[in-house]
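Colleague: Here's a structure for you.
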Amino acid sequence: MAFNQRLSAEFYARVQRDLRTKMDREGLDILVLDSNDDILYTTGFTHYTTERPVCVVLTQTSTYLLIPELERHHASSQYDGAELVVYFEFPGRDPAFVVLARTLGNLTGTIGHSFGMANGRVSHIQDAFPNARTKATVLVSTQRQIKYAEELVLHREAARISDNMVNAGAELISDALRTGKTMPSEIEIEGFVIRNALDTMQSEHDDIMYVATLAGGLVYSGLRSSLPHGMPSKHRPQRGESMILSLGCRVGGRAAESERTFILGEPSAEQEKFYTLAQTAQAVGTAGLVAGQTCSTADDSALDFYRENNVFQFCPHRVGHGMGVQFHEPPWVEGGDETILQAGMICSSEPALYVPDLGGFRLADTVLVTENGPESLTHYPRKLEEIILG
């Protein structure tokens with residue numbers, strides 16, 4: 001039986017019901033959401049983002065989807081749980097929020113919106129509803145942090161495919177090393193692993209939810225692997241180099257990442273030293289993702305390990321970040337985030353070392369916080385002997 005990426009209408013009704021409860025507590029009469037990820041989270045509707053406003057609008061009793069005319073068929077074919085409010089074009093003789101105001105009537109309460117909504121768009125809402133006030137809220141981003149059971153199914157499948165992407169890349173490189181074939185470039189390796197993920201979804205999944213960055217990541221090697229976010233290049237990895245495969249995908253709009261460092265050929269003493277330190281720190285970071293503890297505590301535990309071993313100068317970033325509809329979203333596993341970890345949160349664990357004139361050493365897993373401790377959803381091998389290629 002094929003894996004189904006689509007969540008049910010009942011799921012989205014539950015999400016909206018829970019948001020309405022929070023709206024009531026916060027004193028919000030209307031909630032307007034315009035980011036792709038919030039719209040996907042609340043309705044399952046995905047679209048190609050342009051300058052034209054697309055918004056989910058929640059009242060205490062109704063759900064509206066504000067869309068341009070060119071999205072009418074697309075919206076009605078994906079989601080039938082909302083009343084469509086359609087404007088013709090942007091900027092439009094009849095602007096989007098003026099059309100919305102005619103539908104909702106004279107509002108005198110409070111309209112909530114995310115902190116990420118552009119100021120210009122907020123001003124358009126204020127102009128269309130002059131008797132209401134607007135208020136930025138973290139209501140949706142906070143709810144998104146705790147995953148529903150149905151979402152966890154999607155995250156687990158995304159994690160499985162992410163591991164397979166890493167494996168596909170490692171096998172491609174190993175084959176070239178064993179046979180003496182021309183080593184593929186980083187760009188070619190990236191294309192190969194993305195194709196692997198898309199082929200898996202096409203052959204094993206039913207009704208794929210197409211979203212931005214369905215699959216992708218970073219592939220970089222040699223001295224450039226000492227850059228935290230090195231982009232793929234024409235470089236062909238060579239024996240003696242370290243290589244990072246930082247890969248992930250989204251299934252049903254839910255993200256996972258699997259990242260590993262490989263050594264091409266026999267590792268040097270320095271490569272072995274820094275890889276072992278990064279592997280240990282990553283295990284410490286994962287162990288810190290415990291319900292009831294704070295994000296900052298998890299971050300401190302791994303980075304303190306680097307400090308104790310006098311290599312902190314080679315770690316320029318936090319332990320990790322939350323994952324959900326996006327690859328990067330709250331909570332942030334960083335010293336400045338005092339969010340208390342709760343069961344149902346998903347975070348990355350990726351404290352890494354980037355050593356100039358040597359290379360990068362980075363491992364990352366997608367980790368579910370549970371009542372019984374952290375559960376890694378990605379499982380690609382990580383022992384030193386398991387990441388030596390060729």
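Residues in the structure tokens are named by chain (A, B, ... in the order shown) and by number from 1 within that chain; ligands are numbered from 1 in the order shown.
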Using only C-alpha atoms, which residues sit within 10 Å of segment 296-302 of chain A once same-chain residues fewer than 4 positions away are excluded, as a PyMOL selection string?
Modeller: chain A and resi 278+280-290+306-307+317-320+332-341+349-352
Colleague: Could you pull the residues within 12 Å of Gln143 of chain A, counting only C-alpha atoms, minus those fewer than 4 positions along the same chain, as a list in words?
Modeller: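 Near neighbours after the sequence-gap exclusion: Val15, Gln16, Arg17, Asp18, Leu19, Arg20, Thr21, Lys22, Met23, Asp38, Tyr41, Thr42, Thr137, Val138, Leu139, Lys147, Tyr148, Gly324, Val325, Glu329, Pro330, Pro331, Gln342, Gly344 and Met345 of chain A.
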Colleague: Which one is closest to Gly222 of chain A: A:Val32, A:Ile194, A:Met243, A:Val86? Count only C-alpha atoms.
Modeller: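 Among the listed residues, the smallest separation from Gly222 of chain A belongs to A:Met243.
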Colleague: Hey, can you check how far atom CA of Gln5 of chain A sits from atom CA of His205 of chain A?
Modeller: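 These atoms are spaced 7.1 Å apart.
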Colleague: Report, in Å with one decimal, the straight-line distance from atom CA of Arg14 of chain A to atom CA of Thr370 of chain A.
Modeller: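 Atom CA of Thr370 of chain A lies 21.9 Å from atom CA of Arg14 of chain A.
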Colleague: Any chance you could list, as a ChimeraX atom specification, the residues in segment 176-286 of chain A that come up strand (DSSP E or B) when DSSP is run on the backbone?
Modeller: /A:205-206,215-221,242-251,254-264
Colleague: Given the selection you just returned, output its residues as a file containing N, CA, C and O atoms, formatted as a tab-separated table (two decimals), in the first residue's frame.
Modeller:
chain	number	residue	atom	x	y	z
A	205	HIS	N	4.99	6.64	-2.78
A	205	HIS	CA	4.00	7.51	-2.16
A	205	HIS	C	2.82	7.77	-3.08
A	205	HIS	O	2.94	7.78	-4.30
A	206	ASP	N	1.69	8.04	-2.47
A	206	ASP	CA	0.48	8.41	-3.18
A	206	ASP	C	0.21	9.88	-2.93
A	206	ASP	O	0.34	10.35	-1.80
A	215	ALA	N	13.16	18.31	-1.63
A	215	ALA	CA	14.36	17.60	-1.19
A	215	ALA	C	15.56	18.44	-1.57
A	215	ALA	O	15.55	19.14	-2.58
A	216	GLY	N	16.60	18.38	-0.76
A	216	GLY	CA	17.80	19.16	-1.07
A	216	GLY	C	18.81	19.10	0.04
A	216	GLY	O	18.77	18.23	0.91
A	217	GLY	N	19.75	20.04	0.02
A	217	GLY	CA	20.75	20.09	1.07
A	217	GLY	C	22.06	20.63	0.57
A	217	GLY	O	22.15	21.26	-0.48
A	218	LEU	N	23.12	20.35	1.33
A	218	LEU	CA	24.45	20.84	1.05
A	218	LEU	C	25.39	19.65	0.82
A	218	LEU	O	25.35	18.67	1.56
A	219	VAL	N	26.22	19.76	-0.20
A	219	VAL	CA	27.22	18.75	-0.53
A	219	VAL	C	28.52	19.49	-0.75
A	219	VAL	O	28.65	20.24	-1.73
A	220	TYR	N	29.50	19.31	0.13
A	220	TYR	CA	30.75	20.03	-0.06
A	220	TYR	C	31.89	19.29	0.62
A	220	TYR	O	31.68	18.55	1.59
A	221	SER	N	33.11	19.50	0.11
A	221	SER	CA	34.21	18.63	0.50
A	221	SER	C	35.52	19.41	0.53
A	221	SER	O	35.60	20.57	0.14
A	242	SER	N	37.83	15.34	3.77
A	242	SER	CA	36.56	15.10	4.45
A	242	SER	C	35.45	15.68	3.58
A	242	SER	O	35.67	16.61	2.81
A	243	MET	N	34.26	15.10	3.70
A	243	MET	CA	33.13	15.52	2.87
A	243	MET	C	31.86	15.51	3.68
A	243	MET	O	31.60	14.56	4.43
A	244	ILE	N	31.07	16.55	3.56
A	244	ILE	CA	29.82	16.67	4.31
A	244	ILE	C	28.64	16.47	3.36
A	244	ILE	O	28.55	17.13	2.32
A	245	LEU	N	27.75	15.56	3.72
A	245	LEU	CA	26.46	15.41	3.06
A	245	LEU	C	25.40	15.86	4.07
A	245	LEU	O	25.13	15.16	5.05
A	246	SER	N	24.84	17.02	3.84
A	246	SER	CA	23.85	17.62	4.74
A	246	SER	C	22.53	17.65	3.97
A	246	SER	O	22.26	18.57	3.20
A	247	LEU	N	21.67	16.64	4.18
A	247	LEU	CA	20.55	16.39	3.28
A	247	LEU	C	19.23	16.29	4.03
A	247	LEU	O	19.20	15.91	5.20
A	248	GLY	N	18.15	16.61	3.34
A	248	GLY	CA	16.83	16.51	3.96
A	248	GLY	C	15.73	16.60	2.94
A	248	GLY	O	15.95	16.87	1.75
A	249	CYS	N	14.52	16.34	3.40
A	249	CYS	CA	13.36	16.41	2.51
A	249	CYS	C	12.13	16.75	3.34
A	249	CYS	O	12.17	16.79	4.58
A	250	ARG	N	11.03	16.99	2.63
A	250	ARG	CA	9.74	17.24	3.30
A	250	ARG	C	8.70	16.28	2.72
A	250	ARG	O	8.53	16.19	1.51
A	251	VAL	N	8.05	15.57	3.61
A	251	VAL	CA	6.99	14.64	3.25
A	251	VAL	C	5.69	15.18	3.83
A	251	VAL	O	5.58	15.39	5.03
A	254	ARG	N	6.25	18.10	5.94
A	254	ARG	CA	6.93	17.98	7.24
A	254	ARG	C	8.38	17.58	7.00
A	254	ARG	O	8.66	16.66	6.25
A	255	ALA	N	9.30	18.27	7.69
A	255	ALA	CA	10.72	18.20	7.36
A	255	ALA	C	11.51	17.24	8.24
A	255	ALA	O	11.14	16.95	9.38
A	256	ALA	N	12.62	16.78	7.68
A	256	ALA	CA	13.64	16.04	8.43
A	256	ALA	C	14.98	16.28	7.77
A	256	ALA	O	15.05	16.60	6.58
A	257	GLU	N	16.05	16.13	8.56
A	257	GLU	CA	17.41	16.30	8.06
A	257	GLU	C	18.27	15.15	8.55
A	257	GLU	O	18.12	14.69	9.68
A	258	SER	N	19.19	14.69	7.70
A	258	SER	CA	20.20	13.72	8.08
A	258	SER	C	21.52	14.23	7.52
A	258	SER	O	21.63	14.48	6.32
A	259	GLU	N	22.50	14.39	8.38
A	259	GLU	CA	23.78	14.96	7.95
A	259	GLU	C	24.93	14.10	8.49
A	259	GLU	O	24.94	13.74	9.67
A	260	ARG	N	25.89	13.80	7.63
A	260	ARG	CA	27.06	13.05	8.04
A	260	ARG	C	28.31	13.59	7.35
A	260	ARG	O	28.24	14.13	6.24
A	261	THR	N	29.43	13.42	8.04
A	261	THR	CA	30.74	13.71	7.47
A	261	THR	C	31.39	12.39	7.09
A	261	THR	O	31.34	11.42	7.86
A	262	PHE	N	32.00	12.34	5.92
A	262	PHE	CA	32.71	11.16	5.45
A	262	PHE	C	34.18	11.51	5.23
A	262	PHE	O	34.51	12.65	4.88
A	263	ILE	N	35.03	10.52	5.45
A	263	ILE	CA	36.45	10.66	5.13
A	263	ILE	C	36.73	9.78	3.92
A	263	ILE	O	36.40	8.59	3.92
A	264	LEU	N	37.31	10.35	2.89
A	264	LEU	CA	37.60	9.61	1.66
A	264	LEU	C	38.99	9.00	1.77
A	264	LEU	O	40.00	9.72	1.69
Colleague: So that I can check the secondary structure, give me every residue of segment 34-193 of chain A assigned helix (DSSP H, G or I) by backbone DSSP, as an mmCIF file with C-alpha atoms, in the first residue's frame.
Modeller:
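Output contents, as saved in part_33.cif:
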data_model
loop_
_atom_site.group_PDB
_atom_site.id
_atom_site.type_symbol
_atom_site.label_atom_id
_atom_site.label_comp_id
_atom_site.auth_asym_id
_atom_site.auth_seq_id
_atom_site.Cartn_x
_atom_site.Cartn_y
_atom_site.Cartn_z
ATOM 1 C CA ASN A 36 3.247 29.585 3.138
ATOM 2 C CA ASP A 37 4.085 27.449 6.151
ATOM 3 C CA ASP A 38 1.202 28.732 8.313
ATOM 4 C CA ILE A 39 -1.252 28.245 5.436
ATOM 5 C CA LEU A 40 0.009 24.713 4.830
ATOM 6 C CA TYR A 41 -0.164 23.951 8.561
ATOM 7 C CA THR A 42 -3.749 25.141 8.973
ATOM 8 C CA THR A 43 -5.286 23.938 5.694
ATOM 9 C CA GLU A 69 -8.453 34.519 -9.181
ATOM 10 C CA LEU A 70 -5.634 32.485 -10.736
ATOM 11 C CA GLU A 71 -5.508 30.269 -7.600
ATOM 12 C CA ARG A 72 -9.256 29.553 -7.504
ATOM 13 C CA HIS A 73 -9.185 26.119 -9.140
ATOM 14 C CA HIS A 74 -5.918 25.188 -7.413
ATOM 15 C CA ALA A 75 -7.384 26.033 -3.993
ATOM 16 C CA SER A 76 -10.733 24.345 -4.477
ATOM 17 C CA SER A 77 -9.025 21.137 -5.646
ATOM 18 C CA GLN A 78 -6.777 20.964 -2.581
ATOM 19 C CA ALA A 96 -7.403 41.905 -1.760
ATOM 20 C CA PHE A 97 -8.108 43.146 1.751
ATOM 21 C CA VAL A 98 -10.891 45.447 0.570
ATOM 22 C CA VAL A 99 -12.559 42.346 -0.891
ATOM 23 C CA LEU A 100 -12.008 40.562 2.421
ATOM 24 C CA ALA A 101 -13.534 43.483 4.337
ATOM 25 C CA ARG A 102 -16.706 43.289 2.237
ATOM 26 C CA THR A 103 -16.979 39.606 3.182
ATOM 27 C CA LEU A 104 -16.344 40.027 6.904
ATOM 28 C CA ASN A 119 4.569 45.884 7.737
ATOM 29 C CA GLY A 120 3.153 46.923 4.384
ATOM 30 C CA ARG A 121 0.658 44.068 4.443
ATOM 31 C CA VAL A 122 -0.336 44.899 8.031
ATOM 32 C CA SER A 123 -1.025 48.467 6.944
ATOM 33 C CA HIS A 124 -3.262 47.195 4.122
ATOM 34 C CA ILE A 125 -5.259 45.218 6.694
ATOM 35 C CA GLN A 126 -5.512 48.261 8.940
ATOM 36 C CA ASP A 127 -6.743 50.391 6.032
ATOM 37 C CA ALA A 128 -9.380 47.790 5.133
ATOM 38 C CA LEU A 139 0.037 31.828 18.702
ATOM 39 C CA VAL A 140 0.524 29.712 15.559
ATOM 40 C CA SER A 141 4.291 29.268 15.783
ATOM 41 C CA THR A 142 3.897 28.118 19.384
ATOM 42 C CA GLN A 143 1.201 25.574 18.514
ATOM 43 C CA ARG A 144 3.297 24.271 15.632
ATOM 44 C CA GLN A 145 6.078 23.255 18.028
ATOM 45 C CA ALA A 149 0.378 12.156 15.955
ATOM 46 C CA GLU A 150 -0.466 12.430 12.245
ATOM 47 C CA GLU A 151 2.434 14.830 11.714
ATOM 48 C CA LEU A 152 4.885 12.464 13.382
ATOM 49 C CA VAL A 153 4.083 9.819 10.772
ATOM 50 C CA LEU A 154 5.145 12.288 8.071
ATOM 51 C CA HIS A 155 8.299 13.341 9.927
ATOM 52 C CA ARG A 156 9.361 9.712 10.374
ATOM 53 C CA GLU A 157 8.985 9.046 6.661
ATOM 54 C CA ALA A 158 10.908 12.228 5.818
ATOM 55 C CA ALA A 159 13.673 11.057 8.173
ATOM 56 C CA ARG A 160 13.808 7.639 6.488
ATOM 57 C CA ILE A 161 14.159 9.209 3.057
ATOM 58 C CA SER A 162 16.767 11.696 4.329
ATOM 59 C CA ASP A 163 18.881 8.792 5.593
ATOM 60 C CA ASN A 164 18.464 7.104 2.201
ATOM 61 C CA MET A 165 19.673 10.287 0.492
ATOM 62 C CA VAL A 166 22.864 10.219 2.565
ATOM 63 C CA ASN A 167 23.318 6.532 1.797
ATOM 64 C CA ALA A 168 22.823 7.129 -1.935
ATOM 65 C CA GLY A 169 25.460 9.850 -1.934
ATOM 66 C CA ALA A 170 27.922 7.737 0.040
ATOM 67 C CA GLU A 171 27.463 4.768 -2.302
ATOM 68 C CA LEU A 172 27.974 6.942 -5.371
ATOM 69 C CA ILE A 173 31.262 8.249 -3.962
ATOM 70 C CA SER A 174 32.389 4.790 -2.782
ATOM 71 C CA ASP A 175 31.750 3.310 -6.205
ATOM 72 C CA ALA A 176 33.958 5.927 -7.867
ATOM 73 C CA LEU A 177 36.734 5.341 -5.332
ATOM 74 C CA ARG A 178 36.590 1.540 -5.701
ATOM 75 C CA THR A 179 36.398 1.396 -9.480
ATOM 76 C CA GLU A 186 29.623 18.113 -5.691
ATOM 77 C CA ILE A 187 26.911 19.527 -7.950
ATOM 78 C CA GLU A 188 26.442 16.129 -9.612
ATOM 79 C CA ILE A 189 26.270 14.397 -6.216
ATOM 80 C CA GLU A 190 23.659 16.895 -5.043
ATOM 81 C CA GLY A 191 21.526 16.257 -8.127
ATOM 82 C CA PHE A 192 21.871 12.495 -7.660
ATOM 83 C CA VAL A 193 20.674 12.483 -4.026
#
Colleague: Would you work out the distance separating atom CA of Ser35 of chain A from atom CA of Glu89 of chain A, expressed in Å to one decimal?
Modeller: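 So the answer is 18.5 Å.
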Colleague: Give the answer as one residue: which of A:Tyr12, A:Tyr275, A:Phe88, A:Tyr48 has the shortest atom-to-atom distance to Arg382 of chain A, using only C-alpha atoms?
Modeller: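 Closest residue, counting only C-alpha atoms: A:Tyr275.
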Colleague: Would you kindly return, as a list in words, each protein, DNA or RNA residue with an atom no farther than 6 Å from any atom of Gly109 of chain A, considering only C-alpha atoms and excluding same-chain residues fewer than 2 positions away?
Modeller: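 My reading of the contact set: Asp29, Leu107 and Ala132 of chain A.
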Colleague: Nearest to Arg133 of chain A among A:Arg52, A:His321, A:His229, A:His113, with distances taken over only C-alpha atoms: which residue is it?
Modeller: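 Comparing A:Arg52, A:His321, A:His229, A:His113 against Arg133 of chain A, the winner is A:His113.
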Colleague: Return the single residue from A:Asp365, A:Asp207, A:Asp199, A:Glu375 that is closest to Arg6 of chain A, with distances computed using only C-alpha atoms.
Modeller: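 Nearest to Arg6 of chain A: A:Asp207.
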Colleague: Rank A:Met1, A:Glu308, A:Ile388, A:Thr200 by their smallest atom-to-atom distance to Glu272 of chain A, using only C-alpha atoms, and report the top residue only.
Modeller: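 Looking at the shortest contact to Glu272 of chain A, the residue is A:Ile388.
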Colleague: Nearest to Phe11 of chain A among A:Gly81, A:Gly240, A:Pro232, A:Gly112, with distances taken over only C-alpha atoms: which residue is it?
Modeller: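 Smallest distance to Phe11 of chain A is found for A:Gly81.
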